[in-house]
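Dumped my_file_8.cif below, it's mmCIF, C-alpha atoms:
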```cif
data_target
loop_
_atom_site.group_PDB
_atom_site.id
_atom_site.type_symbol
_atom_site.label_atom_id
_atom_site.label_comp_id
_atom_site.auth_asym_id
_atom_site.auth_seq_id
_atom_site.Cartn_x
_atom_site.Cartn_y
_atom_site.Cartn_z
ATOM 1 C CA MET A 226 0.000 0.000 0.000
ATOM 2 C CA ASP A 227 1.401 3.368 -1.023
ATOM 3 C CA LEU A 228 0.835 7.093 -0.521
ATOM 4 C CA ILE A 229 2.463 9.204 -3.252
ATOM 5 C CA PHE A 230 3.022 12.980 -3.057
ATOM 6 C CA VAL A 231 3.802 14.638 -6.427
ATOM 7 C CA ALA A 232 5.083 18.223 -6.196
ATOM 8 C CA THR A 233 6.779 20.951 -8.232
ATOM 9 C CA PRO A 234 8.284 24.349 -7.350
ATOM 10 C CA LYS A 235 6.190 26.039 -10.077
ATOM 11 C CA GLY A 236 3.455 25.281 -12.577
ATOM 12 C CA GLY A 237 4.152 23.718 -15.958
ATOM 13 C CA ALA A 238 6.923 21.352 -14.833
ATOM 14 C CA GLY A 239 4.903 18.165 -15.311
ATOM 15 C CA LYS A 240 3.268 17.510 -11.950
ATOM 16 C CA THR A 241 -0.106 16.524 -13.385
ATOM 17 C CA THR A 242 1.556 14.470 -16.128
ATOM 18 C CA VAL A 243 3.535 12.471 -13.562
ATOM 19 C CA ALA A 244 0.439 11.952 -11.397
ATOM 20 C CA ASP A 245 -1.490 10.782 -14.474
ATOM 21 C CA LEU A 246 1.295 8.398 -15.494
ATOM 22 C CA LEU A 247 1.694 6.880 -12.037
ATOM 23 C CA ALA A 248 -2.059 6.470 -11.578
ATOM 24 C CA ALA A 249 -2.205 4.638 -14.913
ATOM 25 C CA ALA A 250 0.716 2.328 -14.094
ATOM 26 C CA CYS A 251 -0.658 1.442 -10.658
ATOM 27 C CA THR A 252 -4.148 0.846 -12.064
ATOM 28 C CA LEU A 253 -2.803 -1.420 -14.807
ATOM 29 C CA GLY A 254 -0.927 -3.323 -12.116
ATOM 30 C CA GLY A 255 -4.226 -4.176 -10.412
ATOM 31 C CA ARG A 256 -4.126 -1.507 -7.711
ATOM 32 C CA ARG A 257 -7.171 0.297 -6.306
ATOM 33 C CA VAL A 258 -6.087 3.877 -6.949
ATOM 34 C CA VAL A 259 -7.494 7.177 -5.676
ATOM 35 C CA VAL A 260 -6.088 10.540 -6.784
ATOM 36 C CA LEU A 261 -6.410 13.631 -4.585
ATOM 37 C CA ASP A 262 -6.264 16.909 -6.516
ATOM 38 C CA ALA A 263 -4.770 19.306 -3.963
ATOM 39 C CA ASP A 264 -4.056 22.038 -6.526
ATOM 40 C CA ALA A 265 -6.946 24.370 -5.673
ATOM 41 C CA GLY A 266 -5.570 27.110 -7.917
ATOM 42 C CA ASN A 267 -5.503 24.962 -11.047
ATOM 43 C CA ARG A 268 -7.170 21.523 -10.670
ATOM 44 C CA GLY A 269 -4.976 20.299 -13.495
ATOM 45 C CA TYR A 270 -5.626 16.616 -12.872
ATOM 46 C CA LEU A 271 -9.400 17.019 -12.917
ATOM 47 C CA ARG A 272 -9.256 19.188 -16.038
ATOM 48 C CA ARG A 273 -7.146 16.575 -17.796
ATOM 49 C CA CYS A 274 -8.813 13.388 -16.623
ATOM 50 C CA GLY A 275 -12.447 14.369 -16.100
ATOM 51 C CA PRO A 276 -14.689 15.482 -13.215
ATOM 52 C CA LEU A 277 -14.880 12.065 -11.519
ATOM 53 C CA SER A 278 -11.204 11.185 -11.828
ATOM 54 C CA ALA A 279 -10.022 12.644 -8.503
ATOM 55 C CA ILE A 280 -11.213 13.980 -5.150
ATOM 56 C CA GLU A 281 -10.798 17.730 -4.643
ATOM 57 C CA VAL A 282 -8.932 18.808 -1.515
ATOM 58 C CA ASP A 283 -8.986 22.529 -0.676
ATOM 59 C CA TRP A 284 -6.054 24.423 0.812
ATOM 60 C CA GLU A 285 -8.141 25.211 3.912
ATOM 61 C CA THR A 286 -8.562 21.505 4.711
ATOM 62 C CA GLY A 287 -6.710 21.061 8.000
ATOM 63 C CA HIS A 288 -5.137 18.587 10.402
ATOM 64 C CA ASN A 289 -8.405 17.769 12.140
ATOM 65 C CA ASP A 290 -10.083 16.786 8.857
ATOM 66 C CA ALA A 291 -7.784 13.825 8.174
ATOM 67 C CA SER A 292 -9.577 11.205 10.270
ATOM 68 C CA VAL A 293 -13.000 11.726 8.696
ATOM 69 C CA PHE A 294 -11.438 12.026 5.223
ATOM 70 C CA VAL A 295 -9.709 8.642 5.549
ATOM 71 C CA GLN A 296 -12.909 6.977 6.737
ATOM 72 C CA ARG A 297 -15.012 8.561 3.993
ATOM 73 C CA HIS A 298 -12.728 8.178 0.988
ATOM 74 C CA LEU A 299 -9.735 5.920 1.618
ATOM 75 C CA GLU A 300 -10.872 2.826 3.481
ATOM 76 C CA HIS A 301 -10.849 0.442 0.512
ATOM 77 C CA VAL A 302 -7.928 1.671 -1.602
ATOM 78 C CA ASP A 303 -4.295 0.642 -1.652
ATOM 79 C CA THR A 304 -2.680 3.461 -3.660
ATOM 80 C CA ILE A 305 -3.264 7.176 -3.065
ATOM 81 C CA ILE A 306 -1.676 9.817 -5.304
ATOM 82 C CA VAL A 307 -1.736 13.470 -4.194
ATOM 83 C CA ASP A 308 -1.319 16.054 -6.964
ATOM 84 C CA PHE A 309 0.111 18.987 -4.992
ATOM 85 C CA GLY A 310 -0.386 22.611 -5.921
ATOM 86 C CA ALA A 311 2.745 24.294 -7.277
ATOM 87 C CA ASN A 312 5.047 25.313 -4.410
ATOM 88 C CA LEU A 313 2.493 24.042 -1.897
ATOM 89 C CA LEU A 314 5.136 23.091 0.674
ATOM 90 C CA ALA A 315 6.166 26.748 0.997
ATOM 91 C CA SER A 316 2.597 28.058 1.239
ATOM 92 C CA GLY A 317 1.955 27.719 4.963
ATOM 93 C CA THR A 318 -1.683 26.802 4.254
ATOM 94 C CA PRO A 319 -3.714 24.487 6.529
ATOM 95 C CA ILE A 320 -3.584 21.672 3.966
ATOM 96 C CA LEU A 321 0.027 20.997 4.987
ATOM 97 C CA GLY A 322 -1.229 19.926 8.409
ATOM 98 C CA PHE A 323 -3.881 17.793 6.730
ATOM 99 C CA LEU A 324 -1.283 16.041 4.555
ATOM 100 C CA SER A 325 0.973 15.373 7.550
ATOM 101 C CA ALA A 326 -1.951 13.937 9.527
ATOM 102 C CA LEU A 327 -3.035 11.908 6.484
ATOM 103 C CA GLN A 328 0.434 10.458 6.141
ATOM 104 C CA GLY A 329 0.532 9.554 9.824
ATOM 105 C CA ARG A 330 -2.837 7.804 9.784
ATOM 106 C CA LEU A 331 -2.039 5.869 6.618
ATOM 107 C CA ALA A 332 1.418 4.895 7.900
ATOM 108 C CA ALA A 333 -0.328 3.266 10.854
ATOM 109 C CA LYS A 334 -2.284 1.197 8.318
ATOM 110 C CA GLY A 335 0.925 0.053 6.608
ATOM 111 C CA PHE A 336 1.143 2.569 3.754
ATOM 112 C CA ARG A 337 4.581 3.447 2.402
ATOM 113 C CA LEU A 338 5.203 7.138 1.655
ATOM 114 C CA TRP A 339 6.725 8.253 -1.650
ATOM 115 C CA THR A 340 7.483 11.941 -2.234
ATOM 116 C CA LEU A 341 8.252 12.904 -5.830
ATOM 117 C CA PRO A 342 9.617 16.426 -6.417
ATOM 118 C CA ILE A 343 9.855 17.162 -10.147
ATOM 119 C CA ALA A 344 12.806 18.854 -11.846
ATOM 120 C CA SER A 345 12.660 20.195 -15.391
ATOM 121 C CA ALA A 346 14.234 22.829 -17.608
ATOM 122 C CA ASN A 347 11.444 25.293 -16.812
ATOM 123 C CA ALA A 348 11.297 24.684 -13.051
ATOM 124 C CA PRO A 349 13.945 26.641 -11.124
ATOM 125 C CA GLY A 350 13.783 26.045 -7.399
ATOM 126 C CA THR A 351 13.649 22.259 -7.463
ATOM 127 C CA ASP A 352 16.710 22.009 -5.200
ATOM 128 C CA SER A 353 14.881 23.959 -2.495
ATOM 129 C CA LEU A 354 11.796 21.797 -2.949
ATOM 130 C CA VAL A 355 13.872 18.622 -2.608
ATOM 131 C CA GLU A 356 15.388 19.936 0.630
ATOM 132 C CA ARG A 357 11.931 20.799 2.024
ATOM 133 C CA MET A 358 10.581 17.361 1.126
ATOM 134 C CA ILE A 359 13.583 15.638 2.680
ATOM 135 C CA HIS A 360 13.185 17.769 5.817
ATOM 136 C CA ARG A 361 9.436 17.176 6.125
ATOM 137 C CA PHE A 362 9.095 13.609 4.827
ATOM 138 C CA GLY A 363 12.561 12.112 4.392
ATOM 139 C CA ASP A 364 12.448 10.068 7.589
ATOM 140 C CA ALA A 365 8.973 8.774 6.778
ATOM 141 C CA GLY A 366 9.549 7.349 3.314
ATOM 142 C CA ASN A 367 11.232 7.572 -0.080
ATOM 143 C CA VAL A 368 12.164 10.881 -1.720
ATOM 144 C CA VAL A 369 12.509 10.266 -5.487
ATOM 145 C CA VAL A 370 13.398 13.155 -7.804
ATOM 146 C CA VAL A 371 11.720 12.956 -11.228
ATOM 147 C CA ALA A 372 13.899 14.549 -13.912
ATOM 148 C CA ASN A 373 11.280 15.492 -16.495
ATOM 149 C CA ASP A 374 12.824 16.177 -19.904
ATOM 150 C CA THR A 375 10.050 18.525 -21.037
ATOM 151 C CA ASP A 376 11.972 20.068 -23.950
ATOM 152 C CA GLY A 377 14.477 17.359 -24.847
ATOM 153 C CA SER A 378 17.406 19.355 -23.451
ATOM 154 C CA ALA A 379 18.042 17.137 -20.393
ATOM 155 C CA ALA A 380 18.544 20.404 -18.451
ATOM 156 C CA TYR A 381 16.903 19.561 -15.156
ATOM 157 C CA MET A 382 18.227 22.448 -12.988
ATOM 158 C CA LEU A 383 19.482 20.165 -10.248
ATOM 159 C CA GLY A 384 22.553 20.860 -8.180
ATOM 160 C CA GLY A 385 21.769 19.826 -4.625
ATOM 161 C CA ARG A 386 20.940 16.532 -2.978
ATOM 162 C CA THR A 387 19.158 13.945 -5.105
ATOM 163 C CA PRO A 388 18.532 10.946 -2.827
ATOM 164 C CA SER A 389 17.144 8.924 -5.727
ATOM 165 C CA LEU A 390 16.546 10.066 -9.308
ATOM 166 C CA VAL A 391 14.453 8.719 -12.189
ATOM 167 C CA ARG A 392 14.138 10.204 -15.655
ATOM 168 C CA LEU A 393 10.975 10.825 -17.652
ATOM 169 C CA GLU A 394 11.708 11.056 -21.367
ATOM 170 C CA ARG A 395 10.102 13.765 -23.471
ATOM 171 C CA ILE A 396 6.800 12.615 -24.969
ATOM 172 C CA PRO A 397 6.265 14.352 -28.352
ATOM 173 C CA SER A 398 3.719 17.156 -28.140
ATOM 174 C CA GLY A 399 1.560 15.650 -30.884
ATOM 175 C CA VAL A 400 1.343 12.374 -28.970
ATOM 176 C CA VAL A 401 0.347 14.319 -25.842
ATOM 177 C CA ALA A 402 -2.280 16.175 -27.882
ATOM 178 C CA ALA A 403 -3.730 12.843 -29.008
ATOM 179 C CA ARG A 404 -3.975 11.705 -25.381
ATOM 180 C CA LEU A 405 -5.713 14.965 -24.402
ATOM 181 C CA GLN A 406 -8.498 14.400 -26.916
ATOM 182 C CA ARG A 407 -10.196 12.324 -24.212
ATOM 183 C CA ARG A 408 -10.844 13.690 -20.709
ATOM 184 C CA GLU A 409 -10.315 10.372 -19.006
ATOM 185 C CA PRO A 410 -7.633 8.864 -16.784
ATOM 186 C CA LEU A 411 -4.723 7.587 -18.840
ATOM 187 C CA ALA A 412 -5.349 4.003 -17.726
ATOM 188 C CA SER A 413 -8.727 4.043 -19.500
ATOM 189 C CA ILE A 414 -7.115 5.277 -22.705
ATOM 190 C CA LEU A 415 -4.339 2.681 -22.571
ATOM 191 C CA LEU A 416 -6.887 -0.086 -22.034
ATOM 192 C CA SER A 417 -9.167 1.160 -24.821
ATOM 193 C CA PRO A 418 -7.266 3.433 -27.242
ATOM 194 C CA SER A 419 -9.020 5.483 -29.896
ATOM 195 C CA ASP A 420 -9.152 3.813 -33.292
ATOM 196 C CA ASN A 421 -7.106 6.504 -35.072
ATOM 197 C CA HIS A 422 -4.500 6.902 -32.312
ATOM 198 C CA LEU A 423 -3.463 3.322 -31.583
ATOM 199 C CA ILE A 424 0.232 3.970 -32.268
ATOM 200 C CA ALA A 425 0.362 7.279 -30.370
ATOM 201 C CA THR A 426 -1.249 5.592 -27.376
ATOM 202 C CA ALA A 427 1.268 2.753 -27.602
ATOM 203 C CA MET A 428 4.064 5.335 -27.649
ATOM 204 C CA ILE A 429 2.781 6.721 -24.357
ATOM 205 C CA ALA A 430 2.670 3.200 -22.953
ATOM 206 C CA ARG A 431 6.296 2.677 -24.019
ATOM 207 C CA SER A 432 7.423 5.948 -22.399
ATOM 208 C CA LEU A 433 5.535 5.043 -19.241
ATOM 209 C CA GLN A 434 7.004 1.529 -19.212
ATOM 210 C CA ARG A 435 10.524 2.980 -19.411
ATOM 211 C CA PHE A 436 9.715 5.492 -16.686
ATOM 212 C CA VAL A 437 8.379 3.045 -14.117
ATOM 213 C CA SER A 438 10.930 0.331 -14.925
ATOM 214 C CA GLN A 439 13.576 2.463 -13.199
ATOM 215 C CA PRO A 440 14.278 1.640 -9.557
ATOM 216 C CA PRO A 441 12.812 2.522 -7.133
ATOM 217 C CA LEU A 442 9.618 3.184 -9.156
ATOM 218 C CA SER A 443 9.721 -0.424 -10.334
ATOM 219 C CA ASP A 444 9.243 -1.428 -6.705
ATOM 220 C CA LEU A 445 6.390 1.055 -6.348
ATOM 221 C CA VAL A 446 4.287 -0.057 -9.343
ATOM 222 C CA GLY A 447 5.235 -3.733 -9.398
ATOM 223 C CA ARG A 448 6.129 -6.240 -12.102
ATOM 224 C CA ALA A 449 2.549 -6.824 -13.263
ATOM 225 C CA ALA A 450 2.179 -3.148 -14.255
ATOM 226 C CA ILE A 451 5.441 -3.153 -16.198
ATOM 227 C CA GLU A 452 4.496 -6.314 -18.090
ATOM 228 C CA ARG A 453 1.041 -4.916 -18.913
ATOM 229 C CA LEU A 454 2.584 -1.690 -20.216
ATOM 230 C CA ASN A 455 5.066 -3.647 -22.303
ATOM 231 C CA ALA A 456 2.170 -5.473 -23.968
ATOM 232 C CA SER A 457 0.284 -2.195 -24.553
ATOM 233 C CA ALA A 458 3.377 -0.638 -26.124
ATOM 234 C CA ALA A 459 4.082 -3.458 -28.581
ATOM 235 C CA ILE A 460 2.145 -1.903 -31.466
ATOM 236 C CA ALA A 461 4.575 1.038 -31.518
ATOM 237 C CA ASP A 462 7.747 -1.052 -31.592
ATOM 238 C CA GLY A 463 8.215 -0.786 -35.367
ATOM 239 C CA SER A 464 7.470 2.948 -35.507
ATOM 240 C CA ARG A 465 10.558 5.118 -36.110
ATOM 241 C CA ALA A 466 9.343 8.580 -37.029
ATOM 242 C CA TYR A 467 11.688 10.730 -39.134
ATOM 243 C CA TYR A 468 9.871 13.995 -38.468
ATOM 244 C CA THR A 469 8.956 15.060 -34.937
ATOM 245 C CA ILE A 470 5.359 14.282 -33.991
ATOM 246 C CA ASP A 471 4.812 17.852 -32.893
ATOM 247 C CA ARG A 472 1.049 18.346 -33.314
ATOM 248 C CA LEU A 473 -2.189 16.426 -33.448
ATOM 249 C CA SER A 474 -2.437 16.358 -37.244
ATOM 250 C CA VAL A 475 0.677 14.161 -37.513
ATOM 251 C CA ALA A 476 -0.201 11.903 -34.561
ATOM 252 C CA SER A 477 -2.799 9.719 -36.284
ATOM 253 C CA ASP A 478 -1.943 6.125 -37.119
ATOM 254 C CA ASP A 479 -1.732 6.827 -40.861
ATOM 255 C CA ALA A 480 0.484 9.877 -40.312
ATOM 256 C CA ILE A 481 2.905 7.987 -38.043
ATOM 257 C CA ARG A 482 3.093 5.097 -40.524
ATOM 258 C CA ALA A 483 3.845 7.562 -43.331
ATOM 259 C CA ASN A 484 6.424 9.290 -41.135
ATOM 260 C CA THR A 485 8.099 5.948 -40.436
ATOM 261 C CA ALA A 486 8.083 5.134 -44.144
ATOM 262 C CA VAL A 487 10.029 8.350 -44.832
ATOM 263 C CA ARG A 488 12.721 7.250 -42.391
ATOM 264 C CA GLY A 489 12.871 3.823 -44.016
ATOM 265 C CA ALA A 490 13.180 5.380 -47.483
ATOM 266 C CA ILE A 491 15.996 7.670 -46.325
ATOM 267 C CA ASP A 492 17.811 4.760 -44.686
ATOM 268 C CA ASP A 493 17.493 2.739 -47.909
ATOM 269 C CA LEU A 494 18.722 5.662 -50.011
ATOM 270 C CA SER A 495 21.768 6.253 -47.828
ATOM 271 C CA SER A 496 22.935 2.638 -48.077
ATOM 272 C CA CYS A 497 22.021 1.675 -51.646
ATOM 273 C CA SER A 498 24.352 0.989 -54.554
ATOM 274 C CA ALA A 499 24.703 3.374 -57.506
ATOM 275 C CA GLY A 500 22.528 1.090 -59.619
ATOM 276 C CA GLU A 501 19.711 1.248 -57.095
ATOM 277 C CA ALA A 502 19.900 4.999 -56.490
ATOM 278 C CA TRP A 503 17.182 6.141 -58.890
ATOM 279 C CA MET A 504 14.726 3.528 -57.656
ATOM 280 C CA ARG A 505 15.453 4.562 -54.041
ATOM 281 C CA VAL A 506 14.971 8.239 -54.893
ATOM 282 C CA GLN A 507 11.594 7.438 -56.381
ATOM 283 C CA ALA A 508 10.640 5.451 -53.287
ATOM 284 C CA TYR A 509 11.671 8.379 -51.068
ATOM 285 C CA ARG A 510 9.602 10.821 -53.127
ATOM 286 C CA ALA A 511 6.552 8.578 -52.855
ATOM 287 C CA ALA A 512 6.999 8.201 -49.093
ATOM 288 C CA TYR A 513 7.467 11.939 -48.650
ATOM 289 C CA ALA A 514 4.400 12.737 -50.762
ATOM 290 C CA GLU A 515 2.297 10.440 -48.568
ATOM 291 C CA TYR A 516 3.556 12.088 -45.383
ATOM 292 C CA ALA A 517 3.005 15.549 -46.888
ATOM 293 C CA ARG A 518 -0.721 14.826 -46.964
ATOM 294 C CA PHE A 519 -0.626 15.129 -43.176
ATOM 295 C CA SER A 520 1.976 17.885 -42.827
ATOM 296 C CA LYS A 521 2.775 20.705 -45.235
ATOM 297 C CA THR A 522 5.475 22.317 -43.096
ATOM 298 C CA HIS A 523 8.511 20.166 -44.038
#
```

Can you present the structure in this file as structure tokens?
Amino acid sequence: MDLIFVATPKGGAGKTTVADLLAAACTLGGRRVVVLDADAGNRGYLRRCGPLSAIEVDWETGHNDASVFVQRHLEHVDTIIVDFGANLLASGTPILGFLSALQGRLAAKGFRLWTLPIASANAPGTDSLVERMIHRFGDAGNVVVVANDTDGSAAYMLGGRTPSLVRLERIPSGVVAARLQRREPLASILLSPSDNHLIATAMIARSLQRFVSQPPLSDLVGRAAIERLNASAAIADGSRAYYTIDRLSVASDDAIRANTAVRGAIDDLSSCSAGEAWMRVQAYRAAYAEYARFSKTH
């Protein structure tokens, strides 16, 4: 049984994405998952995953509310993910007392605590957040820094203590846009992908499988989740896009297949003999023309 706190020093660093990914992995592993949206200024998880996907927790919820909250909402679950508000640990709001009391009550029931501060290229202040989480929760559980490669630069703005670090690879923006077409938890989409976004959904499954296969997250989600994600990702294994999948129009199955065909044609052209060159050029032109039906910008 696990209690997971996901936090960032500022908005836009990937807090809701990480909460969505972890909820999906734990659900696919057979867990009974509840998400608490504690970001009263944004409600990013609820906006992404739908109105019934999480329980709202207001910043004025205090220490004395924890007992009733556990009895009302958390008696029959084994994984609880809390999507913190940005910089919540520095806010001084009553919810900090609620979260401490919640952690204490759940620890008595056998729950492990995981605190996940997120570092990314657009999130200065992560070092301070890591120190605050170590100070407040370090003795109670695992502090795992998530290095979220939001822009592909691998510039995570980390210089201080990193007790344990896992990396989340950049998911192409067009693939993310395909996921956001449905306001549902990611687990539902992975289990029943849209007909025209089977490959994009499998790409998300592959990124998630790589993310949670890293220790200590592999211990958190369990082997069953990783195996299920590996099966969900299989349809994307032959996809090697040449052009970046940077918007929804190039994230459909047909567009990704055409994109992959361009890469194959270029690979064939670069390794062919002189006698095959003209045929390979023609094959490249045909592949490019097919991809151009989906994207006119290249």

Here's the selection I'm unsure about, the PyMOL selection byres ((chain A and resi 471-476) around 9); applied to the file above, which residues does it give, as a PyMOL selection string? chain A and resi 397-403+421-422+424-425+468-470+477-481+484+516+519-520

Given only C-alpha atoms as the basis, pick out the residue of A:Gln434, A:Gln328, A:Thr304, A:Thr340 nearest to A:Thr252. A:Thr304

Would you list the contacts of A:Arg273 as an mmCIF file with C-alpha atoms, in the coordinates of the input, taking every protein, DNA or RNA residue within 8 Å and counting all atoms listed in the file, but skipping same-chain residues closer than 4 positions in sequence?
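See part-v2.cif below for the written result:
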```cif
data_model
loop_
_atom_site.group_PDB
_atom_site.id
_atom_site.type_symbol
_atom_site.label_atom_id
_atom_site.label_comp_id
_atom_site.auth_asym_id
_atom_site.auth_seq_id
_atom_site.Cartn_x
_atom_site.Cartn_y
_atom_site.Cartn_z
ATOM 1 C CA GLY A 269 -4.976 20.299 -13.495
ATOM 2 C CA LEU A 405 -5.713 14.965 -24.402
ATOM 3 C CA ARG A 408 -10.844 13.690 -20.709
ATOM 4 C CA GLU A 409 -10.315 10.372 -19.006
ATOM 5 C CA PRO A 410 -7.633 8.864 -16.784
#
```

Explicit residue set for the PyMOL selection byres ((chain A and resi 511) around 12), as a list in words: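 This file gives the following for the PyMOL selection byres ((chain A and resi 511) around 12): Ala483, Asn484, Ala486, Val487, Gly489, Ala490, Ile491, Met504, Arg505, Val506, Gln507, Ala508, Tyr509, Arg510, Ala512, Tyr513, Ala514, Glu515, Tyr516, Ala517 and Arg518 of chain A.
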
Which one of A:Leu247, A:Leu299, A:Leu442, A:Met428 sits closest to A:Ala459 if you count only C-alpha atoms?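 Going through A:Leu247, A:Leu299, A:Leu442, A:Met428 one by one, the smallest distance to A:Ala459 is for A:Met428.
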
Have a look at atom CA of A:Leu271 and atom CA of A:Trp284 and let me know their distance in Å, one decimal.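 Interatomic distance here is 16.0 Å.
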
Interatomic distance (Å, one decimal) between atom CA of A:Arg435 and atom CA of A:His360: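 Value for the atom CA of A:Arg435-atom CA of A:His360 distance: 29.4 Å.
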
Could you please give me, as a PDB file with C-alpha atoms, in the frame of the given file, the residues of protein, DNA or RNA lying at most 12 Å from (-0.3, -1.9, -13.9) in the coordinate frame of the file, considering all atoms listed in the file?
```pdb
ATOM      1  CA  LEU A 246       1.295   8.398 -15.494  1.00  0.00           C
ATOM      2  CA  LEU A 247       1.694   6.880 -12.037  1.00  0.00           C
ATOM      3  CA  ALA A 248      -2.059   6.470 -11.578  1.00  0.00           C
ATOM      4  CA  ALA A 249      -2.205   4.638 -14.913  1.00  0.00           C
ATOM      5  CA  ALA A 250       0.716   2.328 -14.094  1.00  0.00           C
ATOM      6  CA  CYS A 251      -0.658   1.442 -10.658  1.00  0.00           C
ATOM      7  CA  THR A 252      -4.148   0.846 -12.064  1.00  0.00           C
ATOM      8  CA  LEU A 253      -2.803  -1.420 -14.807  1.00  0.00           C
ATOM      9  CA  GLY A 254      -0.927  -3.323 -12.116  1.00  0.00           C
ATOM     10  CA  GLY A 255      -4.226  -4.176 -10.412  1.00  0.00           C
ATOM     11  CA  ARG A 256      -4.126  -1.507  -7.711  1.00  0.00           C
ATOM     12  CA  ARG A 257      -7.171   0.297  -6.306  1.00  0.00           C
ATOM     13  CA  VAL A 258      -6.087   3.877  -6.949  1.00  0.00           C
ATOM     14  CA  THR A 304      -2.680   3.461  -3.660  1.00  0.00           C
ATOM     15  CA  LEU A 411      -4.723   7.587 -18.840  1.00  0.00           C
ATOM     16  CA  ALA A 412      -5.349   4.003 -17.726  1.00  0.00           C
ATOM     17  CA  SER A 413      -8.727   4.043 -19.500  1.00  0.00           C
ATOM     18  CA  LEU A 415      -4.339   2.681 -22.571  1.00  0.00           C
ATOM     19  CA  LEU A 416      -6.887  -0.086 -22.034  1.00  0.00           C
ATOM     20  CA  ALA A 430       2.670   3.200 -22.953  1.00  0.00           C
ATOM     21  CA  LEU A 433       5.535   5.043 -19.241  1.00  0.00           C
ATOM     22  CA  GLN A 434       7.004   1.529 -19.212  1.00  0.00           C
ATOM     23  CA  VAL A 437       8.379   3.045 -14.117  1.00  0.00           C
ATOM     24  CA  SER A 438      10.930   0.331 -14.925  1.00  0.00           C
ATOM     25  CA  SER A 443       9.721  -0.424 -10.334  1.00  0.00           C
ATOM     26  CA  ASP A 444       9.243  -1.428  -6.705  1.00  0.00           C
ATOM     27  CA  LEU A 445       6.390   1.055  -6.348  1.00  0.00           C
ATOM     28  CA  VAL A 446       4.287  -0.057  -9.343  1.00  0.00           C
ATOM     29  CA  GLY A 447       5.235  -3.733  -9.398  1.00  0.00           C
ATOM     30  CA  ARG A 448       6.129  -6.240 -12.102  1.00  0.00           C
ATOM     31  CA  ALA A 449       2.549  -6.824 -13.263  1.00  0.00           C
ATOM     32  CA  ALA A 450       2.179  -3.148 -14.255  1.00  0.00           C
ATOM     33  CA  ILE A 451       5.441  -3.153 -16.198  1.00  0.00           C
ATOM     34  CA  GLU A 452       4.496  -6.314 -18.090  1.00  0.00           C
ATOM     35  CA  ARG A 453       1.041  -4.916 -18.913  1.00  0.00           C
ATOM     36  CA  LEU A 454       2.584  -1.690 -20.216  1.00  0.00           C
ATOM     37  CA  ASN A 455       5.066  -3.647 -22.303  1.00  0.00           C
ATOM     38  CA  ALA A 456       2.170  -5.473 -23.968  1.00  0.00           C
ATOM     39  CA  SER A 457       0.284  -2.195 -24.553  1.00  0.00           C
TER      40      SER A 457
END
```

State, in Å with one decimal place, the distance from atom CA of A:Gly335 to atom CA of A:Gly287.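 Distance between the two atoms: 22.4 Å.
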
Could you check the closest approach to A:Val370 for each of A:Ala466, A:Val243, A:Cys497, A:Val259 and tell me which residue wins, using only C-alpha atoms?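 Closest residue, counting only C-alpha atoms: A:Val243.
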